[in-house]
file coords.cif (mmCIF, C-alpha atoms)
data_data
#
loop_
_atom_site.label_atom_id
_atom_site.label_comp_id
_atom_site.auth_asym_id
_atom_site.auth_seq_id
_atom_site.Cartn_x
_atom_site.Cartn_y
_atom_site.Cartn_z
CA PHE A 1058 -39.73 90.56 -48.37
CA ILE A 1059 -39.55 87.81 -50.98
CA GLU A 1060 -43.30 87.71 -51.56
CA ALA A 1061 -43.59 91.48 -51.88
CA HIS A 1062 -40.74 91.68 -54.34
CA ASP A 1063 -42.08 88.74 -56.37
CA ARG A 1064 -45.35 90.63 -56.76
CA PHE A 1065 -43.48 93.82 -57.57
CA ARG A 1066 -41.45 92.13 -60.30
CA PHE A 1067 -44.71 90.80 -61.74
CA VAL A 1068 -46.39 94.22 -62.03
CA CYS A 1069 -43.20 95.70 -63.47
CA ALA A 1070 -42.88 92.97 -66.09
CA ASN A 1071 -46.51 93.44 -67.08
CA LYS A 1072 -46.36 97.24 -66.98
CA GLU A 1073 -49.32 97.30 -64.67
CA TYR A 1074 -49.68 100.95 -63.71
CA SER A 1075 -52.69 100.44 -61.46
CA LYS A 1076 -53.83 101.58 -58.02
CA ARG A 1077 -52.84 98.24 -56.51
CA ALA A 1078 -49.40 98.51 -58.12
CA LEU A 1079 -49.06 102.02 -56.71
CA ALA A 1080 -50.00 100.72 -53.26
CA LEU A 1081 -47.48 97.90 -53.65
CA THR A 1082 -44.65 100.41 -54.03
CA GLU A 1083 -45.43 101.67 -50.52
CA ARG A 1084 -44.89 98.16 -49.20
CA ILE A 1085 -41.59 97.95 -51.06
CA PHE A 1086 -40.48 101.24 -49.50
CA GLU A 1087 -41.25 99.87 -46.06
CA LEU A 1088 -38.87 97.01 -46.83
CA ASN A 1089 -36.28 99.05 -48.74
CA SER A 1090 -36.88 102.77 -49.08
CA ALA A 1091 -33.80 103.17 -51.31
CA SER A 1092 -35.22 100.95 -54.07
CA TYR A 1093 -34.53 102.97 -57.21
CA THR A 1094 -36.77 100.75 -59.31
CA ALA A 1095 -39.72 101.09 -56.93
CA TRP A 1096 -39.53 104.88 -56.93
CA TRP A 1097 -39.22 104.92 -60.73
CA PHE A 1098 -42.21 102.58 -61.09
CA ARG A 1099 -44.24 104.70 -58.67
CA ARG A 1100 -43.70 107.71 -60.93
CA ARG A 1101 -44.96 105.71 -63.92
CA CYS A 1102 -48.08 104.76 -61.92
CA LEU A 1103 -48.71 108.36 -60.85
CA GLU A 1104 -48.53 109.53 -64.45
CA ALA A 1105 -50.75 106.73 -65.80
CA LEU A 1106 -53.39 107.23 -63.09
CA GLY A 1107 -53.38 111.02 -63.25
CA SER A 1108 -52.83 111.08 -59.49
CA ASP A 1109 -52.87 114.19 -57.30
CA LEU A 1110 -49.20 115.16 -57.25
CA LYS A 1111 -49.68 117.69 -54.47
CA ALA A 1112 -50.76 114.83 -52.22
CA GLU A 1113 -47.66 112.99 -53.37
CA LEU A 1114 -45.55 115.91 -52.09
CA GLU A 1115 -46.86 115.15 -48.61
CA PHE A 1116 -46.14 111.46 -49.09
CA VAL A 1117 -42.52 112.01 -50.06
CA ALA A 1118 -42.05 114.63 -47.33
CA GLY A 1119 -42.81 111.96 -44.78
CA TRP A 1120 -40.18 109.68 -46.27
CA ALA A 1121 -37.66 112.52 -46.34
CA MET A 1122 -38.16 113.12 -42.63
CA ASP A 1123 -37.82 109.40 -41.98
CA SER A 1124 -34.84 108.90 -44.28
CA PRO A 1125 -33.20 112.31 -44.88
CA LYS A 1126 -30.07 110.93 -46.58
CA ASN A 1127 -32.00 108.77 -49.07
CA TYR A 1128 -31.06 109.82 -52.61
CA GLN A 1129 -34.11 108.17 -54.18
CA VAL A 1130 -36.49 110.09 -51.94
CA TRP A 1131 -34.89 113.38 -52.97
CA ALA A 1132 -34.91 112.42 -56.66
CA HIS A 1133 -38.65 111.78 -56.34
CA ARG A 1134 -39.12 115.14 -54.64
CA ARG A 1135 -37.25 116.82 -57.49
CA TRP A 1136 -39.46 115.11 -60.06
CA LEU A 1137 -42.53 116.42 -58.24
CA ALA A 1138 -41.08 119.92 -57.85
CA GLU A 1139 -40.69 120.18 -61.61
CA ARG A 1140 -44.35 119.35 -62.14
CA THR A 1141 -46.47 120.66 -59.33
CA SER A 1142 -44.60 122.72 -56.75
CA SER A 1143 -43.27 126.26 -56.36
CA PHE A 1144 -39.98 127.71 -55.26
CA GLU A 1145 -41.55 129.00 -52.06
CA ALA A 1146 -42.91 125.57 -51.15
CA GLU A 1147 -39.63 123.82 -51.90
CA ALA A 1148 -37.57 126.43 -50.07
CA GLU A 1149 -39.80 125.99 -47.02
CA PHE A 1150 -39.41 122.22 -47.24
CA CYS A 1151 -35.62 122.47 -47.53
CA GLN A 1152 -35.53 124.84 -44.57
CA SER A 1153 -37.49 122.40 -42.43
CA MET A 1154 -34.97 119.69 -43.31
CA LEU A 1155 -32.00 121.98 -42.66
CA ASP A 1156 -33.47 122.96 -39.31
CA ASP A 1157 -33.10 119.30 -38.38
CA ASP A 1158 -29.66 118.84 -39.99
CA ALA A 1159 -28.01 122.02 -41.28
CA LYS A 1160 -25.39 120.05 -43.21
CA ASN A 1161 -27.67 117.63 -45.04
CA PHE A 1162 -26.17 117.50 -48.53
CA ASN A 1163 -29.47 116.44 -50.10
CA SER A 1164 -31.29 119.47 -48.72
CA TRP A 1165 -28.67 121.85 -50.06
CA ALA A 1166 -28.57 120.10 -53.44
CA HIS A 1167 -32.37 120.21 -53.73
CA ARG A 1168 -32.45 123.92 -52.96
CA GLN A 1169 -29.72 124.46 -55.54
CA PHE A 1170 -31.78 122.62 -58.14
CA CYS A 1171 -34.89 124.65 -57.29
CA VAL A 1172 -33.03 127.95 -57.52
CA LYS A 1173 -31.93 127.06 -61.05
CA HIS A 1174 -35.24 125.50 -62.09
CA PHE A 1175 -37.46 128.35 -60.82
CA LYS A 1176 -34.82 131.02 -61.56
CA GLN A 1177 -34.99 132.42 -58.03
CA TRP A 1178 -31.48 133.72 -57.31
CA GLY A 1179 -32.27 137.03 -55.68
CA ALA A 1180 -32.19 136.20 -51.97
CA GLU A 1181 -29.93 133.15 -52.01
CA ALA A 1182 -26.71 134.84 -50.88
CA GLU A 1183 -28.59 136.31 -47.91
CA PHE A 1184 -30.05 132.88 -47.16
CA ALA A 1185 -26.59 131.32 -47.12
CA GLN A 1186 -25.31 134.07 -44.85
CA ARG A 1187 -28.20 133.51 -42.44
CA MET A 1188 -27.27 129.83 -42.26
CA ILE A 1189 -23.62 130.77 -41.69
CA LYS A 1190 -24.69 133.11 -38.89
CA ARG A 1191 -26.36 130.15 -37.20
CA ASP A 1192 -23.15 128.12 -37.45
CA LEU A 1193 -19.96 129.85 -38.62
CA ARG A 1194 -18.40 126.46 -39.38
CA ASN A 1195 -21.19 125.13 -41.59
CA ASN A 1196 -19.12 124.19 -44.62
CA SER A 1197 -22.28 123.36 -46.60
CA ALA A 1198 -23.53 126.94 -46.22
CA TRP A 1199 -20.14 128.36 -47.24
CA ALA A 1200 -20.05 126.09 -50.30
CA TYR A 1201 -23.57 127.18 -51.22
CA LEU A 1202 -22.60 130.85 -50.89
CA TRP A 1203 -19.66 130.25 -53.24
CA TRP A 1204 -21.95 128.53 -55.74
CA VAL A 1205 -24.41 131.44 -55.67
CA ARG A 1206 -21.73 134.09 -56.06
CA ARG A 1207 -20.09 132.29 -58.98
CA ASN A 1208 -23.27 131.38 -60.87
CA GLN A 1209 -25.88 134.08 -60.18
CA PRO A 1210 -26.95 135.28 -63.66
CA GLU A 1211 -27.81 138.86 -62.70
CA THR A 1212 -24.37 139.70 -61.31
CA SER A 1213 -20.74 139.29 -62.25
CA PHE A 1214 -17.99 138.11 -59.95
CA GLY A 1215 -15.64 140.98 -60.68
CA PRO A 1216 -13.18 142.88 -58.49
CA GLU A 1217 -15.89 144.70 -56.52
CA GLU A 1218 -17.77 141.50 -55.73
CA ARG A 1219 -14.58 139.67 -54.81
CA ALA A 1220 -13.57 142.49 -52.45
CA GLN A 1221 -16.98 142.27 -50.80
CA GLU A 1222 -16.66 138.52 -50.31
CA ARG A 1223 -13.10 138.78 -48.96
CA ALA A 1224 -14.29 141.33 -46.41
CA TYR A 1225 -17.16 139.07 -45.41
CA ALA A 1226 -14.90 136.04 -44.90
CA ILE A 1227 -12.39 138.10 -42.93
CA GLU A 1228 -15.16 139.33 -40.61
CA GLN A 1229 -16.15 135.75 -39.88
CA LEU A 1230 -12.51 134.83 -39.20
CA LYS A 1231 -12.28 137.65 -36.67
CA MET A 1232 -15.05 135.94 -34.72
CA ALA A 1233 -13.65 132.41 -35.16
CA PRO A 1234 -9.95 132.43 -36.22
CA HIS A 1235 -9.88 128.63 -36.40
CA ASN A 1236 -12.79 128.44 -38.84
CA GLU A 1237 -11.62 126.23 -41.69
CA ALA A 1238 -14.74 126.87 -43.78
CA ALA A 1239 -14.28 130.65 -43.69
CA SER A 1240 -10.56 130.29 -44.35
CA ASN A 1241 -11.16 128.10 -47.39
CA TYR A 1242 -13.77 130.53 -48.69
CA LEU A 1243 -11.35 133.43 -48.31
CA ILE A 1244 -8.66 131.48 -50.17
CA ALA A 1245 -11.06 130.62 -53.02
CA VAL A 1246 -12.28 134.21 -53.45
CA TRP A 1247 -8.79 135.67 -53.12
CA ARG A 1248 -7.23 133.29 -55.64
CA ALA A 1249 -10.10 133.84 -58.09
CA GLY A 1250 -8.74 137.35 -58.63
CA GLY A 1251 -5.66 138.51 -60.46
CA ASP A 1252 -2.17 138.64 -59.05
CA GLY A 1253 -1.90 141.19 -56.28
CA GLU A 1254 -5.66 141.54 -55.82
CA GLY A 1255 -6.54 141.38 -52.14
CA ASP A 1256 -2.99 140.56 -51.01
CA ALA A 1257 -2.86 143.40 -48.48
CA GLU A 1258 -6.21 142.47 -46.94
CA VAL A 1259 -5.28 138.80 -46.64
CA GLU A 1260 -1.90 139.60 -45.12
CA GLU A 1261 -3.48 141.91 -42.56
CA ALA A 1262 -6.11 139.32 -41.66
CA ALA A 1263 -3.55 136.52 -41.29
CA ALA A 1264 -1.29 138.72 -39.16
CA ALA A 1265 -4.21 139.54 -36.85
CA MET A 1266 -5.01 135.85 -36.48
CA LEU A 1267 -1.37 135.03 -35.68
CA SER A 1268 -1.18 137.81 -33.11
CA SER A 1269 -3.61 135.89 -30.89
CA MET A 1270 -2.17 132.42 -31.62
CA ASP A 1271 1.12 132.08 -33.45
CA ASP A 1272 0.52 128.46 -34.51
CA ASN A 1273 -2.88 129.05 -36.15
CA ARG A 1274 -2.51 126.81 -39.20
CA PHE A 1275 -5.14 128.68 -41.18
CA ALA A 1276 -3.28 131.94 -40.80
CA LEU A 1277 0.05 130.24 -41.49
CA HIS A 1278 -1.39 128.75 -44.65
CA LEU A 1279 -2.67 132.15 -45.80
CA MET A 1280 0.79 133.62 -45.27
CA ALA A 1281 2.38 130.70 -47.13
CA LEU A 1282 0.04 131.18 -50.09
CA LEU A 1283 0.85 134.86 -50.10
CA ALA A 1284 4.59 134.10 -50.10
CA GLU A 1285 4.10 131.64 -52.99
CA ARG A 1286 2.14 134.23 -54.89
CA GLN A 1287 4.97 136.71 -54.44
CA GLY A 1288 7.61 134.21 -55.52
CA LYS A 1289 9.14 133.88 -52.05
CA ARG A 1290 9.61 130.12 -52.11
CA GLU A 1291 11.89 129.81 -49.08
CA GLU A 1292 9.53 131.85 -46.92
CA ALA A 1293 6.59 129.77 -48.14
CA THR A 1294 8.42 126.54 -47.33
CA ALA A 1295 9.17 127.72 -43.80
CA LEU A 1296 5.53 128.66 -43.23
CA LEU A 1297 4.28 125.35 -44.62
CA SER A 1298 6.67 123.53 -42.27
CA LYS A 1299 5.04 125.41 -39.39
CA CYS A 1300 1.65 124.24 -40.68
CA GLN A 1301 2.99 120.69 -40.56
CA ALA A 1302 4.05 121.14 -36.94
CA SER A 1303 0.73 122.67 -35.86
CA ASP A 1304 -1.40 120.19 -37.80
CA PRO A 1305 0.19 116.73 -37.43
CA ILE A 1306 -2.96 114.94 -38.61
CA ARG A 1307 -2.30 116.35 -42.11
CA LYS A 1308 1.43 115.85 -41.86
CA LEU A 1309 1.74 114.15 -45.25
CA TYR A 1310 -0.34 116.81 -46.98
CA TRP A 1311 1.81 119.59 -45.63
CA GLN A 1312 4.94 117.67 -46.65
CA TRP A 1313 3.49 117.42 -50.15
CA ARG A 1314 3.10 121.20 -50.13
CA VAL A 1315 6.62 121.67 -48.72
CA ASP A 1316 7.91 119.58 -51.61
CA GLY A 1317 6.74 122.27 -53.99
CA HIS A 1318 3.18 121.37 -54.97
CA GLU A 1319 0.96 124.45 -55.15
CA LEU A 1320 -2.81 124.71 -54.98
CA ALA A 1321 -4.66 124.96 -58.28
CA ARG A 1322 -6.57 128.15 -58.92
CA PRO A 1323 -10.36 127.97 -58.53
CA SER A 1324 -12.33 127.12 -61.64
CA THR A 1325 -13.78 130.06 -63.53
CA SER A 1326 -17.24 128.51 -63.13
CA TRP A 1327 -18.72 126.00 -60.74
CA GLN A 1328 -21.96 124.47 -61.93
#
call {"tool": "encode", "arguments": {"input": "coords.cif", "output": "structure tokens"}}
result
Amino acid sequence: FIEAHDRFRFVCANKEYSKRALALTERIFELNSASYTAWWFRRRCLEALGSDLKAELEFVAGWAMDSPKNYQVWAHRRWLAERTSSFEAEAEFCQSMLDDDAKNFNSWAHRQFCVKHFKQWGAEAEFAQRMIKRDLRNNSAWAYLWWVRRNQPETSFGPEERAQERAYAIEQLKMAPHNEAASNYLIAVWRAGGDGEGDAEVEEAAAAMLSSMDDNRFALHLMALLAERQGKREEATALLSKCQASDPIRKLYWQWRVDGHELARPSTSWQ
């Protein structure tokens, strides 16, 4: 370790962007694959040598499989994607990583970057919904769907779109009434609209959830938010107290809500 890093510091100090310096970075990765400096220096070597960047895609793919949560590996992949890849290739790579771990933040973030970089928004909502279909509780897929709906350039997020997304979330809640991800998505879409928009749909959905289990905290929370929205503070407080009883792990949070603290409205844009 010491000898390898002594040599690495030497080539860095002398700005030696050579084949042997490039090979040395591989040894550094074997010792510490999260070395930011080594990945940065490797990029300088690749540029100076005019290396085959498509071959480098294969190199970094191997490291991503070996170390899927390594930020430096994904930063290197992003650098390559900007220079030599395509959206199709990167989407396929992300899918292979998500097949192994469907909640890998780095995979989702890389796909998000590629969608923006290559301007390929068209099928992303459907992609997110396919991932949700695989696992209704995949919060990463729900968050990605929200990001697409709020940022897709070709479409607005007006009343019609919000109604569509509320209906989608409610359908998922019918299949899994204790799905926190779907519940949070419904709350975000609902509260993104104006006062009164979607209230009847949300009330009906929450009532249906409570009919099968009267202590469903997600349904109780929806009803409490609805009561707050309608200015019924006492009713909201009673419902939040029920949330506290059904969800003792978050006892202090629910007490904070009982004390009068309301949720902030969603941001008008989420980049």
call {"tool": "closest_residue", "arguments": {"input": "coords.cif", "among": "A:Trp1313, A:Phe1116, A:Phe1175, A:Tyr1201", "to": "Phe1144 of chain A", "atoms": "only C-alpha atoms"}}
result
A:Phe1175
call {"tool": "resolve_selection", "arguments": {"input": "coords.cif", "expression": "the PyMOL selection byres ((chain A and resi 1189-1198) around 9)", "output": "list in words"}}
result
Ala1159, Lys1160, Asn1161, Phe1162, Trp1165, Phe1184, Ala1185, Gln1186, Arg1187, Met1188, Trp1199, Ala1200, Tyr1201, Leu1202, Trp1203, Gln1229, Leu1230, Met1232, Ala1233, Asn1236, Glu1237, Ala1238 and Ala1239 of chain A
call {"tool": "resolve_selection", "arguments": {"input": "coords.cif", "expression": "the PyMOL selection byres ((chain A and resi 1169) around 10)", "output": "short mmCIF file (atom, residue, chain, number, x, y, z; two decimals) with C-alpha atoms, keeping the file's coordinate frame"}}
result
data_model
loop_
_atom_site.label_atom_id
_atom_site.label_comp_id
_atom_site.auth_asym_id
_atom_site.auth_seq_id
_atom_site.Cartn_x
_atom_site.Cartn_y
_atom_site.Cartn_z
CA ALA A 1148 -37.57 126.43 -50.07
CA ASN A 1163 -29.47 116.44 -50.10
CA SER A 1164 -31.29 119.47 -48.72
CA TRP A 1165 -28.67 121.85 -50.06
CA ALA A 1166 -28.57 120.10 -53.44
CA HIS A 1167 -32.37 120.21 -53.73
CA ARG A 1168 -32.45 123.92 -52.96
CA PHE A 1170 -31.78 122.62 -58.14
CA CYS A 1171 -34.89 124.65 -57.29
CA VAL A 1172 -33.03 127.95 -57.52
CA LYS A 1173 -31.93 127.06 -61.05
CA HIS A 1174 -35.24 125.50 -62.09
CA GLN A 1177 -34.99 132.42 -58.03
CA TRP A 1178 -31.48 133.72 -57.31
CA GLU A 1181 -29.93 133.15 -52.01
CA TYR A 1201 -23.57 127.18 -51.22
CA TRP A 1204 -21.95 128.53 -55.74
CA VAL A 1205 -24.41 131.44 -55.67
#
call {"tool": "closest_residue", "arguments": {"input": "coords.cif", "among": "A:Val1246, A:Ala1284, A:Leu1079, A:Leu1309", "to": "Gln1221 of chain A", "atoms": "all atoms listed in the file"}}
result
A:Val1246
call {"tool": "residues_near_point", "arguments": {"input": "coords.cif", "point": "(-32.1, 108.0, -52.3)", "cutoff": "12 Å", "atoms": "all atoms listed in the file", "output": "VMD selection string"}}
result
chain A and resid 1086 1089 to 1097 1117 1120 to 1121 1123 to 1135 1162 to 1163
call {"tool": "residues_around", "arguments": {"input": "coords.cif", "residues": "Gln1301 of chain A", "least_positions_apart": "4", "cutoff": "8 Å", "atoms": "only C-alpha atoms", "output": "count of residues only"}}
result
6
call {"tool": "closest_residue", "arguments": {"input": "coords.cif", "among": "A:Ala1061, A:Asp1271, A:Cys1151, A:Val1068", "to": "Glu1083 of chain A", "atoms": "all atoms listed in the file"}}
result
A:Ala1061
call {"tool": "resolve_selection", "arguments": {"input": "coords.cif", "expression": "the PyMOL selection byres ((chain A and resi 1077) around 12)", "output": "mmCIF file with C-alpha atoms, in the frame of the given file"}}
result
data_model
loop_
_atom_site.group_PDB
_atom_site.id
_atom_site.type_symbol
_atom_site.label_atom_id
_atom_site.label_comp_id
_atom_site.auth_asym_id
_atom_site.auth_seq_id
_atom_site.Cartn_x
_atom_site.Cartn_y
_atom_site.Cartn_z
ATOM 1 C CA ARG A 1064 -45.350 90.630 -56.760
ATOM 2 C CA PHE A 1065 -43.480 93.820 -57.570
ATOM 3 C CA VAL A 1068 -46.390 94.220 -62.030
ATOM 4 C CA GLU A 1073 -49.320 97.300 -64.670
ATOM 5 C CA TYR A 1074 -49.680 100.950 -63.710
ATOM 6 C CA SER A 1075 -52.690 100.440 -61.460
ATOM 7 C CA LYS A 1076 -53.830 101.580 -58.020
ATOM 8 C CA ALA A 1078 -49.400 98.510 -58.120
ATOM 9 C CA LEU A 1079 -49.060 102.020 -56.710
ATOM 10 C CA ALA A 1080 -50.000 100.720 -53.260
ATOM 11 C CA LEU A 1081 -47.480 97.900 -53.650
ATOM 12 C CA THR A 1082 -44.650 100.410 -54.030
ATOM 13 C CA GLU A 1083 -45.430 101.670 -50.520
ATOM 14 C CA ARG A 1084 -44.890 98.160 -49.200
ATOM 15 C CA ARG A 1099 -44.240 104.700 -58.670
ATOM 16 C CA CYS A 1102 -48.080 104.760 -61.920
ATOM 17 C CA LEU A 1103 -48.710 108.360 -60.850
ATOM 18 C CA LEU A 1106 -53.390 107.230 -63.090
#
call {"tool": "atom_distance", "arguments": {"input": "coords.cif", "atom1": "atom CA of Thr1212 of chain A", "atom2": "atom CA of Lys1176 of chain A"}}
result
13.6 Å
call {"tool": "closest_residue", "arguments": {"input": "coords.cif", "among": "A:Glu1149, A:Glu1285, A:Glu1222, A:Glu1258", "to": "Ala1118 of chain A", "atoms": "all atoms listed in the file"}}
result
A:Glu1149
call {"tool": "closest_residue", "arguments": {"input": "coords.cif", "among": "A:Gly1179, A:Phe1150, A:Leu1155, A:Ser1269", "to": "Asn1208 of chain A", "atoms": "only C-alpha atoms"}}
result
A:Gly1179
